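What follows is the content of protein-v8.tsv (TSV, C-alpha atoms).
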chain	number	residue	atom	x	y	z
P	277	LEU	CA	0.00	0.00	0.00
P	278	ILE	CA	2.89	2.34	0.78
P	279	PHE	CA	4.48	1.73	-2.64
P	280	PHE	CA	1.20	2.16	-4.53
P	281	SER	CA	0.54	5.41	-2.71
P	282	CYS	CA	3.98	6.78	-3.66
P	283	ASN	CA	4.11	9.23	-6.51
P	284	VAL	CA	6.44	8.06	-9.30
P	285	LEU	CA	6.76	11.70	-10.44
P	286	LYS	CA	8.17	12.82	-7.09
P	287	ARG	CA	11.66	13.40	-8.55
P	288	VAL	CA	10.48	14.54	-11.99
P	289	GLU	CA	10.56	18.30	-12.57
P	290	SER	CA	7.68	20.18	-14.14
P	291	ASP	CA	9.58	20.62	-17.43
P	292	GLN	CA	10.68	16.96	-17.61
P	293	LEU	CA	9.04	13.81	-18.97
P	294	LEU	CA	9.25	10.38	-17.35
P	295	LEU	CA	9.94	7.65	-19.91
P	296	THR	CA	7.28	4.96	-19.49
P	297	ASP	CA	7.67	2.92	-22.70
P	298	TYR	CA	9.48	2.71	-26.05
P	299	SER	CA	8.92	0.79	-29.29
P	300	ILE	CA	10.78	0.19	-32.55
P	301	TYR	CA	9.04	-0.23	-35.91
P	302	ALA	CA	10.67	-1.21	-39.20
P	303	ASP	CA	8.43	-0.73	-42.24
P	304	SER	CA	5.47	-0.45	-39.83
P	305	LEU	CA	6.26	-3.84	-38.24
P	306	LYS	CA	7.22	-3.93	-34.57
P	307	VAL	CA	10.77	-5.13	-33.97
P	308	SER	CA	11.24	-7.53	-31.05
P	309	ASN	CA	14.82	-8.52	-31.91
P	310	ASP	CA	16.98	-8.39	-28.77
P	311	ASP	CA	19.98	-7.17	-30.76
P	312	VAL	CA	18.03	-4.13	-31.96
P	313	ASN	CA	16.42	-3.40	-28.61
P	314	SER	CA	19.80	-3.47	-26.88
P	315	LEU	CA	20.82	-0.42	-28.98
P	316	VAL	CA	18.33	1.86	-27.21
P	317	SER	CA	20.27	3.86	-24.64
P	318	GLN	CA	17.22	4.98	-22.61
P	319	LYS	CA	14.75	2.41	-21.32
P	320	PRO	CA	11.91	2.76	-18.77
P	321	ASN	CA	12.46	1.98	-15.13
P	322	VAL	CA	12.43	-1.72	-14.33
P	323	LYS	CA	9.05	-3.00	-13.18
P	324	VAL	CA	8.20	-5.92	-10.91
P	325	LEU	CA	4.65	-7.20	-11.49
P	326	GLY	CA	3.90	-3.93	-13.23
P	327	VAL	CA	5.22	-1.78	-10.38
P	328	PRO	CA	8.45	0.28	-10.71
P	329	LEU	CA	9.66	-1.01	-7.35
P	330	ARG	CA	13.21	0.35	-7.58
P	331	LEU	CA	11.92	3.78	-8.60
P	332	HIS	CA	9.71	3.85	-5.49
P	333	LEU	CA	12.71	2.94	-3.32
P	334	TYR	CA	14.67	5.80	-4.86
P	335	ASN	CA	11.82	8.24	-4.25
P	336	LEU	CA	11.64	7.26	-0.56
P	337	ALA	CA	15.20	8.49	-0.02
P	338	LYS	CA	16.05	12.08	0.83
P	339	GLN	CA	17.76	13.83	-2.04
P	340	ASN	CA	20.31	15.70	0.08
P	341	PRO	CA	20.38	14.14	3.56
P	342	ASP	CA	23.60	15.93	4.51
P	343	SER	CA	22.13	19.35	3.67
P	344	SER	CA	18.98	18.50	5.62
P	345	TYR	CA	21.05	17.52	8.64
P	346	GLN	CA	23.07	20.75	8.49
P	347	ASP	CA	19.85	22.76	8.18
P	348	TRP	CA	18.40	20.98	11.24
P	349	LEU	CA	21.64	21.39	13.18
P	350	TYR	CA	21.68	25.19	12.88
P	351	ARG	CA	17.94	25.81	12.69
P	352	LYS	CA	17.69	26.54	16.45
P	353	GLU	CA	20.19	28.77	18.14
P	354	GLY	CA	22.54	26.88	20.45
P	355	ARG	CA	21.60	23.39	19.23
P	356	TYR	CA	25.04	22.79	17.73
P	357	ASP	CA	26.84	23.98	20.88
P	358	ARG	CA	24.70	21.80	23.14
P	359	LEU	CA	25.37	18.69	21.02
P	360	VAL	CA	29.12	19.41	21.00
P	361	LYS	CA	29.13	19.62	24.81
P	362	LEU	CA	27.06	16.45	25.10
P	363	LEU	CA	29.01	14.44	22.54
P	364	SER	CA	32.00	16.07	20.84
P	365	GLU	CA	32.66	18.10	17.71
P	366	LYS	CA	33.88	15.00	15.88
P	367	GLN	CA	30.89	12.91	16.93
P	368	VAL	CA	28.46	15.63	15.87
P	369	GLU	CA	29.97	15.62	12.39
P	370	ARG	CA	29.86	11.81	12.26
P	371	LEU	CA	26.23	11.89	13.35
P	372	GLY	CA	25.43	13.34	9.94
P	373	GLU	CA	26.91	10.18	8.36
P	374	SER	CA	24.99	7.78	10.60
P	375	PHE	CA	22.49	5.28	9.27
P	376	PHE	CA	19.36	7.13	10.42
P	377	VAL	CA	20.53	10.53	9.09
P	378	SER	CA	22.11	9.74	5.70
P	379	GLY	CA	22.90	6.04	5.62
P	380	LEU	CA	19.29	4.99	5.08
P	381	SER	CA	18.78	7.45	2.22
P	382	ASN	CA	22.05	6.49	0.56
P	383	GLY	CA	21.11	2.82	0.87
P	384	LEU	CA	17.72	3.43	-0.71
P	385	LYS	CA	19.33	5.32	-3.58
P	386	LYS	CA	21.82	2.52	-4.15
P	387	ALA	CA	19.13	-0.17	-4.11
P	388	GLY	CA	16.71	1.97	-6.07
P	389	GLU	CA	16.73	3.45	-9.53
P	390	ALA	CA	16.53	7.10	-10.51
P	391	PRO	CA	13.62	8.10	-12.78
P	392	VAL	CA	14.46	7.81	-16.48
P	393	ILE	CA	13.94	11.26	-17.97
P	394	VAL	CA	13.44	11.58	-21.72
P	395	ASP	CA	16.65	13.03	-23.20
P	396	SER	CA	16.43	14.20	-26.82
P	397	SER	CA	20.17	13.78	-27.43
P	398	ARG	CA	20.14	10.17	-26.19
P	399	THR	CA	16.99	9.49	-28.20
P	400	GLN	CA	18.75	10.71	-31.34
P	401	LYS	CA	21.80	8.62	-30.45
P	402	SER	CA	19.59	5.53	-30.14
P	403	LEU	CA	18.04	6.27	-33.54
P	404	GLU	CA	21.49	6.49	-35.14
P	405	ARG	CA	22.48	3.16	-33.58
P	406	ILE	CA	19.34	1.46	-34.90
P	407	ARG	CA	19.91	2.81	-38.39
P	408	ALA	CA	23.56	1.68	-38.26
P	409	TYR	CA	22.39	-1.82	-37.33
P	410	PHE	CA	20.15	-2.04	-40.38
P	411	ASN	CA	23.05	-0.78	-42.48
P	412	THR	CA	24.93	-3.93	-41.47
P	413	ARG	CA	21.95	-5.96	-42.76
P	414	GLY	CA	22.13	-4.42	-46.24
P	415	TYR	CA	19.58	-1.61	-45.88
P	416	PHE	CA	22.02	1.16	-46.78
P	417	ASN	CA	19.33	3.63	-47.83
P	418	ASN	CA	17.24	3.37	-44.67
P	419	SER	CA	15.84	6.46	-42.98
P	420	GLY	CA	14.28	6.94	-39.58
P	421	SER	CA	12.65	9.23	-37.09
P	422	ALA	CA	11.96	9.28	-33.36
P	423	MET	CA	8.69	10.60	-31.96
P	424	VAL	CA	8.02	11.41	-28.31
P	425	ASP	CA	4.38	10.66	-27.48
P	426	THR	CA	3.33	12.52	-24.34
P	427	THR	CA	0.66	10.57	-22.52
P	428	GLY	CA	-0.07	13.44	-20.15
P	429	ASN	CA	0.92	14.19	-16.56
P	430	ARG	CA	4.65	14.41	-17.34
P	431	ARG	CA	4.83	10.91	-18.83
P	432	ALA	CA	5.97	10.00	-22.34
P	433	ALA	CA	6.70	7.07	-24.65
P	434	VAL	CA	9.26	7.11	-27.49
P	435	ARG	CA	8.58	5.47	-30.85
P	436	TYR	CA	11.37	4.78	-33.36
P	437	ASP	CA	10.21	4.40	-36.98
P	438	ILE	CA	12.64	3.03	-39.59
P	439	ASP	CA	11.94	3.05	-43.32
P	440	LEU	CA	14.23	0.25	-44.54
P	441	GLY	CA	14.08	0.70	-48.29
P	442	LYS	CA	15.29	-2.02	-50.67
P	443	PRO	CA	18.09	-4.32	-49.42
P	444	TYR	CA	21.40	-4.57	-51.29
P	445	LEU	CA	22.40	-7.93	-52.75
P	446	VAL	CA	25.73	-9.56	-53.60
P	447	ASP	CA	25.66	-9.60	-57.41
P	448	THR	CA	29.15	-10.80	-58.36
P	449	LEU	CA	31.85	-12.31	-56.16
P	450	SER	CA	35.48	-12.25	-57.27
P	451	ARG	CA	38.78	-12.79	-55.47
P	452	TYR	CA	42.39	-11.68	-55.41
P	453	ILE	CA	44.68	-13.98	-53.41
P	454	ALA	CA	48.38	-13.14	-53.39
P	455	SER	CA	49.66	-16.53	-52.20
P	456	PRO	CA	49.24	-19.47	-54.62
P	457	GLN	CA	49.07	-21.95	-51.73
P	458	ILE	CA	46.37	-19.91	-49.97
P	459	ASP	CA	44.47	-19.81	-53.26
P	460	SER	CA	44.64	-23.61	-53.56
P	461	LEU	CA	43.31	-24.05	-50.01
P	462	TYR	CA	40.51	-21.57	-50.72
P	463	GLN	CA	39.48	-23.51	-53.82
P	464	LEU	CA	39.17	-26.69	-51.75
P	465	HIS	CA	36.74	-25.07	-49.30
P	466	LYS	CA	34.94	-22.39	-51.33
P	467	GLU	CA	31.74	-24.45	-51.66
P	468	ALA	CA	31.10	-23.93	-47.94
P	469	SER	CA	31.50	-20.15	-48.22
P	470	LEU	CA	29.06	-18.07	-46.16
P	471	VAL	CA	29.16	-15.18	-48.68
P	472	ARG	CA	27.37	-16.16	-51.87
P	473	GLU	CA	26.12	-14.45	-55.00
P	474	GLY	CA	22.47	-13.47	-54.84
P	475	ASP	CA	22.34	-13.28	-51.03
P	476	GLN	CA	21.38	-10.13	-49.14
P	477	PHE	CA	24.32	-8.27	-47.63
P	478	ASP	CA	24.86	-9.17	-43.97
P	479	LEU	CA	27.96	-7.97	-42.15
P	480	LYS	CA	27.75	-10.91	-39.72
P	481	LEU	CA	28.21	-13.34	-42.62
P	482	PHE	CA	31.29	-11.48	-43.86
P	483	THR	CA	32.79	-11.56	-40.35
P	484	ALA	CA	31.98	-15.25	-39.95
P	485	GLU	CA	33.51	-16.01	-43.36
P	486	ARG	CA	36.77	-14.31	-42.36
P	487	GLU	CA	36.85	-16.41	-39.18
P	488	ARG	CA	36.08	-19.59	-41.15
P	489	LEU	CA	38.90	-18.99	-43.64
P	490	THR	CA	41.36	-18.10	-40.89
P	491	ASP	CA	40.55	-21.34	-39.08
P	492	ILE	CA	41.02	-23.36	-42.29
P	493	PHE	CA	44.37	-21.78	-43.17
P	494	ARG	CA	45.82	-22.05	-39.66
P	495	ASN	CA	44.88	-25.74	-39.54
P	496	SER	CA	46.34	-26.42	-42.99
P	497	GLY	CA	49.97	-25.47	-42.39
P	498	ILE	CA	49.77	-21.64	-42.58
P	499	TRP	CA	51.00	-21.22	-39.01
P	500	ASN	CA	51.43	-17.43	-39.14
P	501	PHE	CA	48.19	-16.52	-40.93
P	502	GLN	CA	46.48	-13.38	-39.61
P	503	GLU	CA	42.77	-12.63	-39.97
P	504	SER	CA	43.65	-9.01	-40.82
P	505	SER	CA	45.04	-10.26	-44.15
P	506	ILE	CA	41.45	-10.88	-45.31
P	507	THR	CA	39.56	-7.83	-46.57
P	508	TYR	CA	36.61	-7.18	-48.87
P	509	ASP	CA	36.22	-4.50	-51.53
P	510	ILE	CA	32.54	-3.73	-52.02
P	511	LEU	CA	31.33	-1.58	-54.90
P	512	ARG	CA	27.76	-0.30	-54.68
P	513	ASP	CA	25.71	2.46	-56.24
P	514	THR	CA	24.63	4.96	-53.59
P	515	LEU	CA	22.48	7.14	-55.89
P	516	MET	CA	18.81	6.82	-54.96
P	517	ASP	CA	17.67	7.72	-58.48
P	518	ARG	CA	19.51	4.76	-60.03
P	519	ASP	CA	17.56	2.24	-57.90
P	520	ASP	CA	20.40	-0.26	-58.24
P	521	GLN	CA	20.88	-2.59	-55.25
P	522	LEU	CA	23.37	-5.01	-56.83
P	523	MET	CA	26.92	-4.97	-55.41
P	524	GLU	CA	30.25	-6.21	-56.72
P	525	VAL	CA	32.28	-7.90	-53.96
P	526	GLU	CA	35.96	-8.81	-54.19
P	527	LEU	CA	37.69	-11.00	-51.60
P	528	ASN	CA	41.29	-9.92	-50.97
P	529	ILE	CA	43.86	-12.04	-49.12
P	530	GLU	CA	47.17	-10.20	-48.94
P	531	ASN	CA	50.58	-11.53	-47.97
P	532	PRO	CA	51.95	-10.67	-44.51
P	533	ARG	CA	54.23	-7.66	-44.19
P	534	SER	CA	57.53	-8.09	-42.43
P	535	ARG	CA	58.45	-5.71	-39.62
P	536	GLY	CA	61.32	-3.33	-39.90
P	537	GLU	CA	62.32	-0.09	-41.58
P	538	VAL	CA	61.91	-1.61	-45.03
P	539	GLN	CA	58.47	-3.19	-45.44
P	540	GLN	CA	58.60	-6.43	-47.41
P	541	THR	CA	55.96	-9.00	-48.19
P	542	THR	CA	56.53	-12.73	-48.22
P	543	PRO	CA	53.85	-15.11	-49.48
P	544	TYR	CA	52.04	-17.38	-47.09
P	545	ARG	CA	53.31	-20.96	-47.36
P	546	VAL	CA	52.35	-24.34	-45.93
P	547	HIS	CA	54.78	-25.40	-43.18
P	548	ARG	CA	55.59	-28.81	-41.74
P	549	ILE	CA	56.99	-29.64	-38.30
P	550	ASP	CA	60.71	-30.30	-38.73
P	551	SER	CA	61.66	-31.02	-35.11
P	552	VAL	CA	60.07	-31.08	-31.65
P	553	ASN	CA	62.11	-30.06	-28.61
P	554	ILE	CA	60.98	-30.26	-24.98
P	555	PHE	CA	62.79	-28.24	-22.32
P	556	ALA	CA	62.00	-29.90	-18.97
P	557	ASP	CA	62.19	-27.85	-15.76
P	558	HIS	CA	63.00	-24.81	-17.83
P	559	SER	CA	63.97	-21.61	-16.05
P	560	PHE	CA	64.71	-18.21	-17.49
P	561	GLY	CA	68.40	-17.73	-18.13
P	562	ASP	CA	69.28	-21.35	-18.92
P	563	ARG	CA	72.06	-21.46	-21.50
P	564	PRO	CA	71.80	-24.12	-24.26
P	565	GLU	CA	75.40	-25.26	-23.81
P	566	GLU	CA	74.67	-26.19	-20.19
P	567	LEU	CA	71.81	-28.55	-21.11
P	568	GLN	CA	71.90	-32.27	-21.74
P	569	SER	CA	69.55	-34.06	-24.11
P	570	VAL	CA	67.91	-37.41	-24.69
P	571	SER	CA	65.80	-38.54	-27.64
P	572	TYR	CA	62.59	-40.50	-27.59
P	573	GLY	CA	61.21	-41.30	-31.01
P	574	GLU	CA	61.17	-38.01	-32.92
P	575	VAL	CA	61.15	-35.84	-29.77
P	576	THR	CA	64.27	-34.43	-28.11
P	577	VAL	CA	64.12	-33.68	-24.39
P	578	TYR	CA	66.58	-31.14	-22.96
P	579	TYR	CA	67.31	-30.98	-19.26
P	580	LYS	CA	69.81	-29.63	-16.77
P	581	ASP	CA	71.74	-31.82	-14.30
P	582	LYS	CA	69.17	-34.66	-14.00
P	583	LEU	CA	66.06	-35.58	-15.94
P	584	ARG	CA	63.23	-36.16	-13.45
P	585	TYR	CA	60.67	-37.37	-16.01
P	586	LYS	CA	60.47	-40.35	-18.34
P	587	PRO	CA	60.84	-39.11	-21.92
P	588	LYS	CA	57.84	-41.25	-22.98
P	589	ALA	CA	55.55	-39.49	-20.50
P	590	LEU	CA	56.49	-36.11	-21.99
P	591	ALA	CA	56.41	-37.21	-25.63
P	592	ASP	CA	52.94	-38.78	-25.28
P	593	ALA	CA	51.48	-35.41	-24.33
P	594	ILE	CA	52.66	-33.74	-27.58
P	595	PHE	CA	50.32	-33.67	-30.59
P	596	LEU	CA	52.72	-31.69	-32.79
P	597	LYS	CA	54.51	-34.49	-34.66
P	598	LYS	CA	57.61	-34.27	-36.82
P	599	GLY	CA	56.77	-34.38	-40.53
P	600	ASN	CA	53.12	-33.38	-40.05
P	601	ILE	CA	51.58	-30.23	-41.45
P	602	TYR	CA	51.22	-27.62	-38.73
P	603	ARG	CA	47.69	-27.36	-37.30
P	604	ASP	CA	46.43	-24.95	-34.67
P	605	ILE	CA	44.23	-27.66	-33.19
P	606	ASP	CA	47.33	-29.79	-32.45
P	607	ARG	CA	48.87	-26.88	-30.58
P	608	ILE	CA	45.71	-26.39	-28.50
P	609	ARG	CA	45.52	-30.11	-27.70
P	610	THR	CA	49.15	-30.08	-26.60
P	611	TYR	CA	48.38	-27.24	-24.17
P	612	ARG	CA	45.41	-29.15	-22.75
P	613	GLN	CA	47.20	-32.47	-22.40
P	614	ILE	CA	50.19	-30.94	-20.60
P	615	ASN	CA	47.82	-29.16	-18.20
P	616	ASN	CA	45.98	-32.44	-17.59
P	617	LEU	CA	49.22	-33.99	-16.30
P	618	ASN	CA	48.89	-31.68	-13.26
P	619	THR	CA	52.69	-31.64	-13.06
P	620	PHE	CA	53.60	-28.48	-14.97
P	621	ARG	CA	52.46	-24.90	-15.00
P	622	TYR	CA	50.94	-23.50	-18.19
P	623	PRO	CA	53.48	-24.39	-20.90
P	624	ASN	CA	55.07	-22.05	-23.43
P	625	ILE	CA	55.10	-23.34	-27.02
P	626	GLU	CA	57.42	-21.51	-29.40
P	627	LEU	CA	57.40	-21.93	-33.18
P	628	VAL	CA	60.58	-21.01	-35.05
P	629	GLU	CA	60.59	-20.88	-38.85
P	630	GLU	CA	63.48	-22.81	-40.35
P	631	GLY	CA	63.77	-22.18	-44.06
P	632	GLU	CA	60.69	-21.67	-46.21
P	633	ASP	CA	58.58	-24.67	-45.28
P	634	LYS	CA	59.88	-25.98	-41.94
P	635	LEU	CA	59.04	-25.22	-38.32
P	636	THR	CA	60.95	-26.03	-35.15
P	637	THR	CA	58.70	-26.52	-32.13
P	638	ASN	CA	60.17	-25.65	-28.72
P	639	ILE	CA	58.06	-26.55	-25.68
P	640	TYR	CA	59.17	-25.02	-22.37
P	641	LEU	CA	57.92	-26.73	-19.22
P	642	SER	CA	58.08	-25.33	-15.70
P	643	SER	CA	57.24	-27.88	-13.01
P	644	ARG	CA	54.90	-27.32	-10.10
P	645	PRO	CA	56.08	-28.07	-6.54
P	646	ARG	CA	56.51	-31.81	-6.17
P	647	ASN	CA	54.77	-31.91	-2.79
P	648	SER	CA	51.86	-29.83	-1.59
P	649	LEU	CA	49.74	-29.95	1.55
P	650	ALA	CA	46.25	-28.53	2.01
P	651	LEU	CA	44.48	-28.11	5.36
P	652	ASP	CA	40.88	-27.13	6.06
P	653	LEU	CA	38.79	-26.50	9.15
P	654	ASP	CA	35.04	-25.89	9.34
P	655	VAL	CA	32.44	-25.48	12.08
P	656	THR	CA	28.83	-26.62	11.53
P	657	HIS	CA	25.51	-26.54	13.34
P	658	SER	CA	22.34	-28.50	12.55
P	659	ASN	CA	19.14	-29.75	14.16
P	660	ILE	CA	20.84	-33.04	15.15
P	661	GLN	CA	24.21	-31.58	16.08
P	662	ARG	CA	24.64	-28.62	18.37
P	663	LEU	CA	28.25	-28.10	17.37
P	664	GLY	CA	30.40	-29.86	14.81
P	665	ILE	CA	34.08	-29.38	14.04
P	666	GLY	CA	35.61	-30.86	10.88
P	667	VAL	CA	39.34	-31.12	10.20
P	668	GLY	CA	40.80	-32.30	6.90
P	669	ALA	CA	44.19	-32.64	5.27
P	670	ALA	CA	45.27	-33.56	1.76
P	671	LEU	CA	48.78	-34.43	0.58
P	672	ILE	CA	49.58	-34.30	-3.14
P	673	LYS	CA	52.77	-35.80	-4.48
P	674	ARG	CA	53.54	-35.24	-8.17
P	675	ASN	CA	55.68	-37.26	-10.57
P	676	VAL	CA	55.78	-40.25	-8.23
P	677	PHE	CA	57.32	-42.76	-10.65
P	678	ARG	CA	58.85	-40.18	-13.06
P	679	GLY	CA	55.90	-40.60	-15.42
P	680	SER	CA	53.95	-37.48	-14.38
P	681	GLU	CA	51.77	-39.54	-12.04
P	682	THR	CA	49.96	-37.78	-9.22
P	683	LEU	CA	49.39	-39.41	-5.82
P	684	SER	CA	46.74	-37.79	-3.63
P	685	LEU	CA	46.16	-38.82	-0.01
P	686	SER	CA	43.41	-37.19	2.00
P	687	THR	CA	41.96	-37.69	5.46
P	688	ARG	CA	39.14	-36.06	7.34
P	689	GLY	CA	37.80	-36.24	10.87
P	690	SER	CA	34.82	-34.65	12.56
P	691	PHE	CA	33.82	-34.14	16.18
P	692	GLY	CA	30.19	-33.51	17.12
P	693	LEU	CA	28.32	-32.48	20.23
Produce structure tokens that represent the structure in this file.
Amino acid sequence: LIFFSCNVLKRVESDQLLLTDYSIYADSLKVSNDDVNSLVSQKPNVKVLGVPLRLHLYNLAKQNPDSSYQDWLYRKEGRYDRLVKLLSEKQVERLGESFFVSGLSNGLKKAGEAPVIVDSSRTQKSLERIRAYFNTRGYFNNSGSAMVDTTGNRRAAVRYDIDLGKPYLVDTLSRYIASPQIDSLYQLHKEASLVREGDQFDLKLFTAERERLTDIFRNSGIWNFQESSITYDILRDTLMDRDDQLMEVELNIENPRSRGEVQQTTPYRVHRIDSVNIFADHSFGDRPEELQSVSYGEVTVYYKDKLRYKPKALADAIFLKKGNIYRDIDRIRTYRQINNLNTFRYPNIELVEEGEDKLTTNIYLSSRPRNSLALDLDVTHSNIQRLGIGVGAALIKRNVFRGSETLSLSTRGSFGL
């Protein structure tokens, strides 16, 4: 009853309008798309069962509790002096920050929500965002307007109307690919392309196609391929009088540019793994001449002083194999498998280009502490136990038999009254 009797316009000035609703229409059809609605910067106060509960909480708070306290403090002559004698000057000042003076109001403001006042600049900003969204869907000639409908008594609703116009279509699709090997890979997978002739322009599809091609190239031996190498040139007629919505689209895949004072381009090439090196118990500053090595299959393990792991246990966790074409998925799986051993910290995998088509893989491993102890203590209370005390301990021992095994021993005891 208290909330219903509160006036939602309590903090709304006479020359302001409280936003009660908004709607978006595209070609006279209401838009319920969450992506579009999220572009509106001003939305009505949140309602619970039709009641703006948080707005009512905000209205219950005093706007300036500190000023009200100061006004009360000096309203009667001698009140301040009497309080200082009774308490102290410091305590009188802190009284203004107490819960009943300002703390309650500040808490209500924090839990509540200020009234949403219609702002013409933010309304226009929302309209521009909505129009930009439809631009990404191929409606480049769309137009729009925002109308504030005053429902009376300082309340208003905002309606956004968008005239979409005719959508633009992909008429012809051509390509320019600088690297012959990239071009061959593209030909193998072009049938699954997300950008096709005759389809309506959609920026999401162009973005997804770039991601798809990047994933294909990086899992087909192009270890250093960058998504930024893929661009699109789009030619469209922007004259309204021509009424031409057909676009020419060209896919461009450039070669990477080398860093340095003189910019040079080298074509993307398919690389194979030439060698795999594992540096066990690696620490920063280790010099190569101080390390010893042992081979297991096609993997070479480098170590200092003494090798604490079986080479087989380390080699089995590596998915990057000598002679195979480099694949990003193999690198990711190697990360995961090494982490699953629970013996090493997050590994560092380095790829070094050797010649035009070869890669050297260096895997640096830093071991976790071999022994670790965990203790825990908790106190409980329930309807069958007045007081309960639980004590637990867990001992973890890593690399027990030099094969990255983990031994975990735990014990727990409880005492109840």
Got a sec: who's within 7 Å of Tyr415 of chain P, counting only C-alpha atoms, leaving out chain neighbours fewer than 4 positions off, as a PyMOL selection string? chain P and resi 410-411+440-444
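For the choices P:Gly631, P:Gly414, P:Pro623, P:Gly692, the atom-to-atom distance to Val655 of chain P is smallest for P:Gly692 when using all atoms listed in the file.
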Using all atoms listed in the file, which of P:Asn600, P:Ser469, P:Ser643, P:Thr426 sits nearest Arg621 of chain P?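 The closest residue to Arg621 of chain P is P:Ser643.
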Compare P:Ile492, P:Ile300, P:Ala650, P:Leu329 by their minimum atom-to-atom distance to Ala468 of chain P, counting only C-alpha atoms, and give me the closest one.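 Nearest to Ala468 of chain P: P:Ile492.
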Of the listed residues P:Leu522, P:Ile458, P:Val471, P:Leu403, that which approaches Phe501 of chain P most closely, counting all atoms listed in the file: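 Of P:Leu522, P:Ile458, P:Val471, P:Leu403, the one nearest Phe501 of chain P is P:Ile458, counting all atoms listed in the file.
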Suppose you want the space between atom CA of Asp557 of chain P and atom CA of Tyr585 of chain P; what is it in Å?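 Here the two named atoms are 9.6 Å from each other.
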Would you compute the distance between atom CA of Ile639 of chain P and atom CA of Glu566 of chain P? Give it in Å to one decimal.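 Going from atom CA of Ile639 of chain P over to atom CA of Glu566 of chain P, I get 17.5 Å.
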Val628 of chain P surroundings by all atoms listed in the file, 7 Å radius, close-in-sequence under 6 positions cut, as an MDAnalysis selection string: chainID P and resid 635:637
Would you write out those residues with C-alpha atoms, as a JSON list (two decimals), in the coordinates of the input?
[["chain", "number", "residue", "atom", "x", "y", "z"],
["P", 635, "LEU", "CA", 59.04, -25.22, -38.32],
["P", 636, "THR", "CA", 60.95, -26.03, -35.15],
["P", 637, "THR", "CA", 58.70, -26.52, -32.13]]
Determine the nearest neighbour of Leu449 of chain P from the options P:Ala670, P:Ala387, P:Leu362, P:Val525, counting all atoms listed in the file. P:Val525
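For the pair atom CA of Asn616 of chain P and atom CA of Ala593 of chain P, the separation is 9.2 Å.
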Using only C-alpha atoms, which of the listed residues (P:Asn531, P:Asn615, P:Ser455, P:Ser680) sits closest to Lys586 of chain P?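 Counting only C-alpha atoms, the residue closest to Lys586 of chain P is P:Ser680.
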I want to know what sits within 10 Å of Asp509 of chain P, based on all atoms listed in the file, with residues of the same chain fewer than 3 positions away left out; could you give that as a ChimeraX atom specification? /P:450-451,512,524-528
Missing atoms of segment 609-618 of chain P rebuilt to N, CA, C and O atoms, written as a PDB file, in the coordinates of the input:
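Just written: selection-v6.pdb:
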ATOM      1  N   ARG P 609      45.588 -28.819 -28.393  1.00  0.00           N
ATOM      2  CA  ARG P 609      45.520 -30.110 -27.700  1.00  0.00           C
ATOM      3  C   ARG P 609      46.770 -30.362 -26.871  1.00  0.00           C
ATOM      4  O   ARG P 609      46.698 -30.971 -25.796  1.00  0.00           O
ATOM      5  N   THR P 610      47.913 -29.918 -27.364  1.00  0.00           N
ATOM      6  CA  THR P 610      49.150 -30.080 -26.600  1.00  0.00           C
ATOM      7  C   THR P 610      49.077 -29.277 -25.298  1.00  0.00           C
ATOM      8  O   THR P 610      49.460 -29.765 -24.226  1.00  0.00           O
ATOM      9  N   TYR P 611      48.584 -28.039 -25.383  1.00  0.00           N
ATOM     10  CA  TYR P 611      48.380 -27.240 -24.170  1.00  0.00           C
ATOM     11  C   TYR P 611      47.500 -27.985 -23.167  1.00  0.00           C
ATOM     12  O   TYR P 611      47.822 -28.080 -21.976  1.00  0.00           O
ATOM     13  N   ARG P 612      46.374 -28.501 -23.645  1.00  0.00           N
ATOM     14  CA  ARG P 612      45.410 -29.150 -22.750  1.00  0.00           C
ATOM     15  C   ARG P 612      46.007 -30.408 -22.119  1.00  0.00           C
ATOM     16  O   ARG P 612      45.837 -30.645 -20.921  1.00  0.00           O
ATOM     17  N   GLN P 613      46.696 -31.214 -22.931  1.00  0.00           N
ATOM     18  CA  GLN P 613      47.200 -32.470 -22.400  1.00  0.00           C
ATOM     19  C   GLN P 613      48.291 -32.241 -21.357  1.00  0.00           C
ATOM     20  O   GLN P 613      48.349 -32.940 -20.344  1.00  0.00           O
ATOM     21  N   ILE P 614      49.152 -31.247 -21.588  1.00  0.00           N
ATOM     22  CA  ILE P 614      50.190 -30.940 -20.600  1.00  0.00           C
ATOM     23  C   ILE P 614      49.561 -30.446 -19.304  1.00  0.00           C
ATOM     24  O   ILE P 614      49.991 -30.803 -18.199  1.00  0.00           O
ATOM     25  N   ASN P 615      48.513 -29.629 -19.410  1.00  0.00           N
ATOM     26  CA  ASN P 615      47.820 -29.160 -18.200  1.00  0.00           C
ATOM     27  C   ASN P 615      47.145 -30.307 -17.466  1.00  0.00           C
ATOM     28  O   ASN P 615      47.083 -30.319 -16.228  1.00  0.00           O
ATOM     29  N   ASN P 616      46.644 -31.298 -18.218  1.00  0.00           N
ATOM     30  CA  ASN P 616      45.980 -32.440 -17.590  1.00  0.00           C
ATOM     31  C   ASN P 616      46.945 -33.296 -16.778  1.00  0.00           C
ATOM     32  O   ASN P 616      46.507 -34.047 -15.891  1.00  0.00           O
ATOM     33  N   LEU P 617      48.241 -33.222 -17.074  1.00  0.00           N
ATOM     34  CA  LEU P 617      49.220 -33.990 -16.300  1.00  0.00           C
ATOM     35  C   LEU P 617      49.289 -33.514 -14.855  1.00  0.00           C
ATOM     36  O   LEU P 617      49.752 -34.246 -13.978  1.00  0.00           O
ATOM     37  N   ASN P 618      48.884 -32.259 -14.612  1.00  0.00           N
ATOM     38  CA  ASN P 618      48.890 -31.680 -13.260  1.00  0.00           C
ATOM     39  C   ASN P 618      50.286 -31.674 -12.647  1.00  0.00           C
ATOM     40  O   ASN P 618      50.451 -31.733 -11.438  1.00  0.00           O
TER      41      ASN P 618
END
